[in-house]
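Below: the structure, in structure tokens.
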Amino acid sequence: MTKISNFFKEYFDWWPEKQKYTLSLFLAVLSGFFAYYIGLPLPWMLGPLIGCGFFAAIGKSVIIGKRPRPLCRALLGCTIGANFGPELLDRLPEIGMSLLFIPVFIFIMGLSTFFYLSRIIKLDKHTSIYGSIPGGLNEMVILGQEIGANTRALVLIHATRIVVVVFFASLLIMFVPNLGVSNAPQPALFDKWELLPYVFLVSLTGWFLALKFRIPGPTIIGPMILSALVHVFELIEAMPIYFLVISVQIMLGAALGCLFRNITLKEMSGPILAGLVTTLIAFIPLAIIYHLLTIIGYDPLSIFLAFSPGGQSEMNILALSVGADMSFISPHHMFRVVLVIIFAGILHKFLKRKL
């Protein structure tokens with residue numbers, strides 16, 4: 001493995017250090033176009049993820065700026081909320097019943113993952129705890145770091161979970177008949193460009209209000225809630241142009257790829273393998289809940305995407321890209337993230353007292 005890694009490092013030794021931000025973004029865009037050309041599922045996210053991830057893994061300076069990312073998530077939140085409509089009020093009993101399964105899913109996944117990380121992989125207790133909670137990558141890493149968890153291991157475990165879930169979910173949607181999509185949306189790139197001022201107004205206002213009221217995941221949940229409210233009550237229309245949605249996917253996909261910078265053989269056989277195995281473990285409670293709710297009569301694609309334990313941004317982008325039922329799927333991921341962050345915050349205070 002070391003020889004292969006050294007070969008790639010020497011073969012791609014032309015990578016320049018200057019203008020690394022521009023070149024990294026160019027690589028992300030080029031990877032997205034290539035993925036789209038070969039028909040890869042979710043091309044504008046998986047293409048940059050794989051392209052930037054490959055060069056980052058062999059030690060090249062692939063860097064996607066951190067400052068644009070919060071705005072990208074805010075625009076994504078606005079996009080998700082814009083898929084809600086007045087009919088949502090009539091669907092509250094249907095969505096509410098499905099939401100009751102979210103705590104069960106979190107508990108089973110978290111417990112089984114903690115057992116694997118602590119007993120099989122032999123990670124320390126703090127790393128095992130925050131590596132097993134299916135929440136946001138940034139939140140889990142920050143909380144874990146404050147109590148002495150292995151930060152690099154947490155990043156790799158959660159990043160692997162997100163990547164594996166998005167990749168497998170994309171493939172399953174393509175090849176499993178019950179999950180297939182007959183008419184994936186192909187809107188014009190610049191359709192409804194005149195709505196852009198409303199899009200940025202809703203995105204930034206929602207972000208600001210979420211910070212003010214200390215709502216978990218403020219960059220995406222705040223704009224999502226505000227956008228949903230203005231669309232449910234038909235106050236304004238604020239659906240971003242498709243070009244903007246593609247740009248957000250490229251930025252977030254490339255940022256995920258950069259998490260795999262300078263991967264070592266030890267990390268591939270440790271945290272990354274742990275992330276892969278624990279993600280596969282999570283598909284067991286997902287399969288059980290999927291079976292129960294589809295028997296009741298819920299839409300298979302909606303249930304599959306609502307309970308898949310990927311990142312909130314990534315799963316919502318996947319749902320958007322295949323034209324799935326956003327008004328059903330988004331509340332599930334929002335509820336999961338809120339529950340997880342509340343639980344992790346309480347647990348964090350308890351663990352800090354014991355240090």
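Here's how to read the names in the structure tokens: chain A, B, ... by the order shown, residue numbers from 1 in each chain, ligand numbers from 1 in the order shown.
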**Message:** So that I can check the surroundings of region 265-275 of chain A, please list as an MDAnalysis selection string every protein, DNA and RNA residue that reaches within 7 Å of it, counting only C-alpha atoms and ignoring chain neighbours fewer than 2 positions away.
**Reply:** chainID A and resid 117 153 156:158 160:161 263 277:279
**Asked** Using only C-alpha atoms, which residues sit within 8 Å of Thr113 (chain A) once same-chain residues fewer than 6 positions away are excluded, as a list in words?
**Response** Gly131, Ser132, Thr278, Ile281 and Ala282 of chain A
I'd like to know which residues of region 43-219 of chain A are helix (DSSP H, G or I) (by DSSP, run on the backbone); could you write them as an mmCIF file with C-alpha atoms, in the first residue's frame?
data_model
loop_
_atom_site.group_PDB
_atom_site.id
_atom_site.type_symbol
_atom_site.label_atom_id
_atom_site.label_comp_id
_atom_site.auth_asym_id
_atom_site.auth_seq_id
_atom_site.Cartn_x
_atom_site.Cartn_y
_atom_site.Cartn_z
ATOM 1 C CA PRO A 43 -22.811 13.623 -10.033
ATOM 2 C CA TRP A 44 -22.425 17.208 -8.798
ATOM 3 C CA MET A 45 -21.708 15.976 -5.267
ATOM 4 C CA LEU A 46 -20.079 12.563 -5.714
ATOM 5 C CA GLY A 47 -17.859 13.732 -8.604
ATOM 6 C CA PRO A 48 -16.125 16.509 -6.605
ATOM 7 C CA LEU A 49 -16.044 14.267 -3.536
ATOM 8 C CA ILE A 50 -14.197 11.496 -5.397
ATOM 9 C CA GLY A 51 -11.980 13.838 -7.437
ATOM 10 C CA CYS A 52 -10.885 16.044 -4.534
ATOM 11 C CA GLY A 53 -10.791 13.048 -2.188
ATOM 12 C CA PHE A 54 -8.345 11.197 -4.431
ATOM 13 C CA PHE A 55 -5.863 14.085 -4.686
ATOM 14 C CA ALA A 56 -6.232 14.926 -0.988
ATOM 15 C CA ALA A 57 -5.572 11.285 -0.038
ATOM 16 C CA PRO A 68 -18.354 29.990 1.643
ATOM 17 C CA ARG A 69 -19.629 26.754 3.216
ATOM 18 C CA PRO A 70 -22.058 28.276 5.769
ATOM 19 C CA LEU A 71 -23.667 30.343 2.984
ATOM 20 C CA CYS A 72 -23.902 27.198 0.830
ATOM 21 C CA ARG A 73 -25.706 25.373 3.645
ATOM 22 C CA ALA A 74 -28.017 28.376 4.157
ATOM 23 C CA LEU A 75 -28.925 28.379 0.446
ATOM 24 C CA LEU A 76 -29.507 24.637 0.650
ATOM 25 C CA GLY A 77 -31.801 25.160 3.652
ATOM 26 C CA CYS A 78 -33.782 27.738 1.664
ATOM 27 C CA THR A 79 -34.024 25.297 -1.265
ATOM 28 C CA ILE A 80 -35.332 22.515 0.964
ATOM 29 C CA GLY A 81 -37.915 24.773 2.599
ATOM 30 C CA PRO A 86 -49.802 24.491 1.952
ATOM 31 C CA GLU A 87 -50.531 20.747 1.739
ATOM 32 C CA LEU A 88 -47.974 20.156 4.537
ATOM 33 C CA LEU A 89 -50.568 21.132 7.175
ATOM 34 C CA ASP A 90 -52.822 18.293 6.006
ATOM 35 C CA ARG A 91 -49.933 15.809 6.217
ATOM 36 C CA LEU A 92 -48.899 16.455 9.813
ATOM 37 C CA PRO A 93 -50.463 13.226 11.216
ATOM 38 C CA GLU A 94 -48.744 11.145 8.511
ATOM 39 C CA ILE A 95 -45.331 12.751 9.058
ATOM 40 C CA GLY A 96 -45.720 12.795 12.854
ATOM 41 C CA MET A 97 -46.334 9.049 13.035
ATOM 42 C CA SER A 98 -43.165 8.323 11.057
ATOM 43 C CA LEU A 99 -41.124 10.753 13.196
ATOM 44 C CA PHE A 101 -39.457 5.980 14.818
ATOM 45 C CA ILE A 102 -36.508 8.413 14.701
ATOM 46 C CA PRO A 103 -35.549 8.095 18.432
ATOM 47 C CA VAL A 104 -35.736 4.297 18.111
ATOM 48 C CA PHE A 105 -33.463 4.387 15.068
ATOM 49 C CA ILE A 106 -30.940 6.686 16.803
ATOM 50 C CA PHE A 107 -30.866 4.507 19.932
ATOM 51 C CA ILE A 108 -30.328 1.199 18.087
ATOM 52 C CA MET A 109 -27.736 2.634 15.710
ATOM 53 C CA GLY A 110 -25.852 4.506 18.439
ATOM 54 C CA LEU A 111 -25.758 1.564 20.862
ATOM 55 C CA SER A 112 -24.619 -1.004 18.280
ATOM 56 C CA THR A 113 -22.013 1.391 16.864
ATOM 57 C CA PHE A 114 -20.645 2.208 20.343
ATOM 58 C CA PHE A 115 -20.303 -1.515 21.088
ATOM 59 C CA TYR A 116 -18.350 -2.058 17.860
ATOM 60 C CA LEU A 117 -16.032 0.928 18.342
ATOM 61 C CA SER A 118 -15.289 0.270 22.010
ATOM 62 C CA ARG A 119 -15.213 -3.549 22.121
ATOM 63 C CA ILE A 120 -14.105 -4.624 18.633
ATOM 64 C CA LYS A 125 -14.514 5.586 25.524
ATOM 65 C CA HIS A 126 -14.843 9.224 24.509
ATOM 66 C CA THR A 127 -13.971 8.578 20.861
ATOM 67 C CA SER A 128 -16.373 5.617 20.803
ATOM 68 C CA ILE A 129 -19.219 7.724 22.240
ATOM 69 C CA TYR A 130 -18.935 10.626 19.811
ATOM 70 C CA GLY A 131 -18.069 8.317 16.917
ATOM 71 C CA SER A 132 -21.328 6.407 17.441
ATOM 72 C CA LEU A 137 -19.689 15.891 11.618
ATOM 73 C CA ASN A 138 -18.607 19.335 12.844
ATOM 74 C CA GLU A 139 -20.683 19.181 16.043
ATOM 75 C CA MET A 140 -19.475 15.691 17.026
ATOM 76 C CA VAL A 141 -15.824 16.546 16.345
ATOM 77 C CA ILE A 142 -15.974 19.807 18.335
ATOM 78 C CA LEU A 143 -17.693 18.178 21.333
ATOM 79 C CA GLY A 144 -15.400 15.148 21.250
ATOM 80 C CA GLN A 145 -12.272 17.298 21.017
ATOM 81 C CA GLU A 146 -13.200 19.197 24.194
ATOM 82 C CA THR A 151 -10.267 14.190 16.604
ATOM 83 C CA ARG A 152 -8.779 12.619 13.462
ATOM 84 C CA ALA A 153 -10.568 9.334 14.155
ATOM 85 C CA LEU A 154 -13.896 11.146 14.665
ATOM 86 C CA VAL A 155 -13.513 13.056 11.390
ATOM 87 C CA LEU A 156 -12.741 9.874 9.450
ATOM 88 C CA ILE A 157 -15.520 7.804 11.075
ATOM 89 C CA HIS A 158 -18.238 10.391 10.425
ATOM 90 C CA ALA A 159 -16.907 11.402 6.987
ATOM 91 C CA THR A 160 -16.836 7.736 5.948
ATOM 92 C CA ARG A 161 -20.399 7.256 7.220
ATOM 93 C CA ILE A 162 -21.657 10.217 5.196
ATOM 94 C CA VAL A 163 -19.793 9.195 2.034
ATOM 95 C CA VAL A 164 -20.845 5.538 2.248
ATOM 96 C CA VAL A 165 -24.508 6.372 2.915
ATOM 97 C CA VAL A 166 -24.696 8.889 0.046
ATOM 98 C CA PHE A 167 -22.909 6.549 -2.374
ATOM 99 C CA PHE A 168 -24.892 3.414 -1.520
ATOM 100 C CA ALA A 169 -28.182 5.298 -1.351
ATOM 101 C CA SER A 170 -27.512 6.714 -4.827
ATOM 102 C CA LEU A 171 -26.761 3.249 -6.233
ATOM 103 C CA LEU A 172 -29.800 1.668 -4.574
ATOM 104 C CA ILE A 173 -32.077 4.359 -5.978
ATOM 105 C CA MET A 174 -30.679 3.624 -9.440
ATOM 106 C CA PHE A 175 -30.913 -0.170 -9.355
ATOM 107 C CA PRO A 177 -37.052 -1.176 -8.585
ATOM 108 C CA ASN A 178 -39.113 -0.089 -5.535
ATOM 109 C CA LEU A 179 -36.788 2.872 -4.988
ATOM 110 C CA TRP A 193 -33.481 34.025 -11.764
ATOM 111 C CA GLU A 194 -35.647 37.005 -10.729
ATOM 112 C CA LEU A 195 -36.331 35.231 -7.395
ATOM 113 C CA LEU A 196 -32.671 35.417 -6.309
ATOM 114 C CA PRO A 197 -33.108 38.499 -4.046
ATOM 115 C CA TYR A 198 -35.835 36.644 -2.100
ATOM 116 C CA VAL A 199 -33.634 33.539 -1.938
ATOM 117 C CA PHE A 200 -30.751 35.415 -0.309
ATOM 118 C CA LEU A 201 -33.114 37.364 1.942
ATOM 119 C CA VAL A 202 -34.731 34.172 3.304
ATOM 120 C CA SER A 203 -31.378 32.349 3.571
ATOM 121 C CA LEU A 204 -29.566 35.090 5.489
ATOM 122 C CA THR A 205 -32.544 36.031 7.689
ATOM 123 C CA GLY A 206 -33.175 32.394 8.622
ATOM 124 C CA TRP A 207 -29.496 31.922 9.437
ATOM 125 C CA PHE A 208 -29.462 35.073 11.605
ATOM 126 C CA LEU A 209 -32.647 34.109 13.506
ATOM 127 C CA ALA A 210 -31.345 30.578 14.122
ATOM 128 C CA LEU A 211 -28.135 31.995 15.624
ATOM 129 C CA LYS A 212 -30.106 34.465 17.744
ATOM 130 C CA PRO A 218 -28.290 27.192 12.396
ATOM 131 C CA THR A 219 -26.823 27.536 8.902
#
**Message:** Under the rule that only C-alpha atoms are counted, which of A:Val337, A:Ser31, A:Gly65, A:Leu301 is the nearest residue to Ile215 (chain A)?
**Reply:**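 Answer, going by the shortest atom-to-atom distance: A:Val337.
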**Nearest candidate to Asp124 (chain A) (options A:Gly136, A:Gly148, A:Gly85, A:Gly323; using only C-alpha atoms)** =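 Of A:Gly136, A:Gly148, A:Gly85, A:Gly323, the one nearest Asp124 (chain A) is A:Gly148, counting only C-alpha atoms.
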**Request:** Can you work out which one of A:His348, A:Gly59, A:Ser308, A:Ile250 has the shortest atom-to-atom distance to Tyr36 (chain A), counting only C-alpha atoms?
**Result:**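 Of A:His348, A:Gly59, A:Ser308, A:Ile250, the one nearest Tyr36 (chain A) is A:Ile250, counting only C-alpha atoms.
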**Request:** Would you list the contacts of Lys20 (chain A) as a PyMOL selection string, taking every protein, DNA or RNA residue within 10 Å and counting only C-alpha atoms, but skipping same-chain residues closer than 4 positions in sequence?
**Result:** chain A and resi 15-16+24-26+60-64
**Message:** If we count only C-alpha atoms and set the cut-off at 12 Å, which residues sit around Phe304 (chain A), ignoring sequence neighbours fewer than 5 positions away in its own chain? Please answer as number ranges by chain.
**Reply:** A: 98, 165-166, 168-170, 172-173, 176, 178-180, 283, 285-294, 298-299, 309-310, 315, 318-319, 324-325, 328-329, 332-333
Put those residues in a file: N, CA and C atoms, as an mmCIF file, in the first residue's frame.
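Everything below was put into result33.cif:
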data_model
loop_
_atom_site.group_PDB
_atom_site.id
_atom_site.type_symbol
_atom_site.label_atom_id
_atom_site.label_comp_id
_atom_site.auth_asym_id
_atom_site.auth_seq_id
_atom_site.Cartn_x
_atom_site.Cartn_y
_atom_site.Cartn_z
ATOM 1 N N SER A 98 -44.465 8.829 11.494
ATOM 2 C CA SER A 98 -43.165 8.323 11.057
ATOM 3 C C SER A 98 -42.027 8.871 11.917
ATOM 4 N N VAL A 165 -23.039 6.300 2.985
ATOM 5 C CA VAL A 165 -24.508 6.372 2.915
ATOM 6 C C VAL A 165 -24.945 7.042 1.611
ATOM 7 N N VAL A 166 -24.316 8.174 1.272
ATOM 8 C CA VAL A 166 -24.696 8.889 0.046
ATOM 9 C C VAL A 166 -24.434 8.018 -1.183
ATOM 10 N N PHE A 168 -24.039 4.597 -1.440
ATOM 11 C CA PHE A 168 -24.892 3.414 -1.520
ATOM 12 C C PHE A 168 -26.344 3.784 -1.764
ATOM 13 N N ALA A 169 -26.796 4.858 -1.139
ATOM 14 C CA ALA A 169 -28.182 5.298 -1.351
ATOM 15 C C ALA A 169 -28.393 5.667 -2.815
ATOM 16 N N SER A 170 -27.413 6.331 -3.415
ATOM 17 C CA SER A 170 -27.512 6.714 -4.827
ATOM 18 C C SER A 170 -27.597 5.479 -5.720
ATOM 19 N N LEU A 172 -28.556 2.393 -4.824
ATOM 20 C CA LEU A 172 -29.800 1.668 -4.574
ATOM 21 C C LEU A 172 -30.977 2.320 -5.300
ATOM 22 N N ILE A 173 -30.993 3.652 -5.291
ATOM 23 C CA ILE A 173 -32.077 4.359 -5.978
ATOM 24 C C ILE A 173 -32.037 4.068 -7.475
ATOM 25 N N VAL A 176 -32.565 -0.480 -7.537
ATOM 26 C CA VAL A 176 -33.637 -1.211 -6.857
ATOM 27 C C VAL A 176 -34.974 -0.711 -7.392
ATOM 28 N N ASN A 178 -38.186 -0.801 -6.427
ATOM 29 C CA ASN A 178 -39.113 -0.089 -5.535
ATOM 30 C C ASN A 178 -38.649 1.321 -5.200
ATOM 31 N N LEU A 179 -37.332 1.560 -5.329
ATOM 32 C CA LEU A 179 -36.788 2.872 -4.988
ATOM 33 C C LEU A 179 -36.534 3.726 -6.222
ATOM 34 N N GLY A 180 -36.805 3.179 -7.383
ATOM 35 C CA GLY A 180 -36.500 3.878 -8.627
ATOM 36 C C GLY A 180 -37.267 5.180 -8.780
ATOM 37 N N PHE A 283 -27.659 0.053 8.687
ATOM 38 C CA PHE A 283 -28.660 -0.354 7.704
ATOM 39 C C PHE A 283 -29.585 -1.450 8.245
ATOM 40 N N PRO A 285 -31.224 -1.498 11.496
ATOM 41 C CA PRO A 285 -32.463 -0.851 11.969
ATOM 42 C C PRO A 285 -33.196 -0.112 10.851
ATOM 43 N N LEU A 286 -32.446 0.408 9.879
ATOM 44 C CA LEU A 286 -33.090 1.076 8.742
ATOM 45 C C LEU A 286 -33.971 0.093 7.977
ATOM 46 N N ALA A 287 -33.460 -1.117 7.757
ATOM 47 C CA ALA A 287 -34.227 -2.128 7.022
ATOM 48 C C ALA A 287 -35.493 -2.530 7.790
ATOM 49 N N ILE A 288 -35.373 -2.631 9.121
ATOM 50 C CA ILE A 288 -36.534 -3.019 9.943
ATOM 51 C C ILE A 288 -37.617 -1.937 9.881
ATOM 52 N N ILE A 289 -37.205 -0.674 10.083
ATOM 53 C CA ILE A 289 -38.162 0.437 10.058
ATOM 54 C C ILE A 289 -38.750 0.598 8.660
ATOM 55 N N TYR A 290 -37.912 0.439 7.646
ATOM 56 C CA TYR A 290 -38.374 0.509 6.256
ATOM 57 C C TYR A 290 -39.464 -0.520 6.000
ATOM 58 N N HIS A 291 -39.236 -1.742 6.468
ATOM 59 C CA HIS A 291 -40.211 -2.823 6.271
ATOM 60 C C HIS A 291 -41.535 -2.514 6.974
ATOM 61 N N LEU A 292 -41.443 -2.054 8.225
ATOM 62 C CA LEU A 292 -42.661 -1.771 8.998
ATOM 63 C C LEU A 292 -43.490 -0.643 8.374
ATOM 64 N N LEU A 293 -42.823 0.447 8.000
ATOM 65 C CA LEU A 293 -43.557 1.609 7.502
ATOM 66 C C LEU A 293 -44.074 1.420 6.081
ATOM 67 N N THR A 294 -43.363 0.653 5.265
ATOM 68 C CA THR A 294 -43.879 0.394 3.916
ATOM 69 C C THR A 294 -45.080 -0.547 3.953
ATOM 70 N N TYR A 298 -46.488 3.645 3.639
ATOM 71 C CA TYR A 298 -45.628 4.785 3.338
ATOM 72 C C TYR A 298 -44.861 4.533 2.038
ATOM 73 N N ASP A 299 -44.494 5.619 1.367
ATOM 74 C CA ASP A 299 -43.744 5.521 0.119
ATOM 75 C C ASP A 299 -42.332 4.985 0.389
ATOM 76 N N PRO A 309 -28.825 7.356 7.426
ATOM 77 C CA PRO A 309 -28.064 8.176 8.390
ATOM 78 C C PRO A 309 -26.892 8.934 7.791
ATOM 79 N N GLY A 310 -27.110 9.572 6.652
ATOM 80 C CA GLY A 310 -26.064 10.416 6.083
ATOM 81 C C GLY A 310 -26.133 11.806 6.684
ATOM 82 N N MET A 315 -28.092 14.255 2.400
ATOM 83 C CA MET A 315 -29.308 13.473 2.141
ATOM 84 C C MET A 315 -30.398 14.345 1.522
ATOM 85 N N LEU A 318 -29.510 14.749 -2.109
ATOM 86 C CA LEU A 318 -29.853 13.524 -2.835
ATOM 87 C C LEU A 318 -31.352 13.468 -3.109
ATOM 88 N N ALA A 319 -32.149 13.802 -2.099
ATOM 89 C CA ALA A 319 -33.603 13.809 -2.267
ATOM 90 C C ALA A 319 -34.032 14.832 -3.313
ATOM 91 N N ALA A 324 -37.573 13.600 -4.927
ATOM 92 C CA ALA A 324 -38.303 12.909 -3.867
ATOM 93 C C ALA A 324 -39.178 13.878 -3.075
ATOM 94 N N ASP A 325 -39.947 13.336 -2.139
ATOM 95 C CA ASP A 325 -40.909 14.109 -1.348
ATOM 96 C C ASP A 325 -40.183 14.869 -0.239
ATOM 97 N N PHE A 328 -41.692 15.522 3.267
ATOM 98 C CA PHE A 328 -41.700 14.368 4.175
ATOM 99 C C PHE A 328 -40.291 14.071 4.689
ATOM 100 N N ILE A 329 -39.301 14.109 3.803
ATOM 101 C CA ILE A 329 -37.943 13.680 4.135
ATOM 102 C C ILE A 329 -37.226 14.688 5.033
ATOM 103 N N HIS A 332 -37.616 14.695 8.913
ATOM 104 C CA HIS A 332 -36.979 13.554 9.582
ATOM 105 C C HIS A 332 -35.507 13.832 9.881
ATOM 106 N N HIS A 333 -34.798 14.380 8.910
ATOM 107 C CA HIS A 333 -33.378 14.681 9.135
ATOM 108 C C HIS A 333 -33.207 15.839 10.113
#
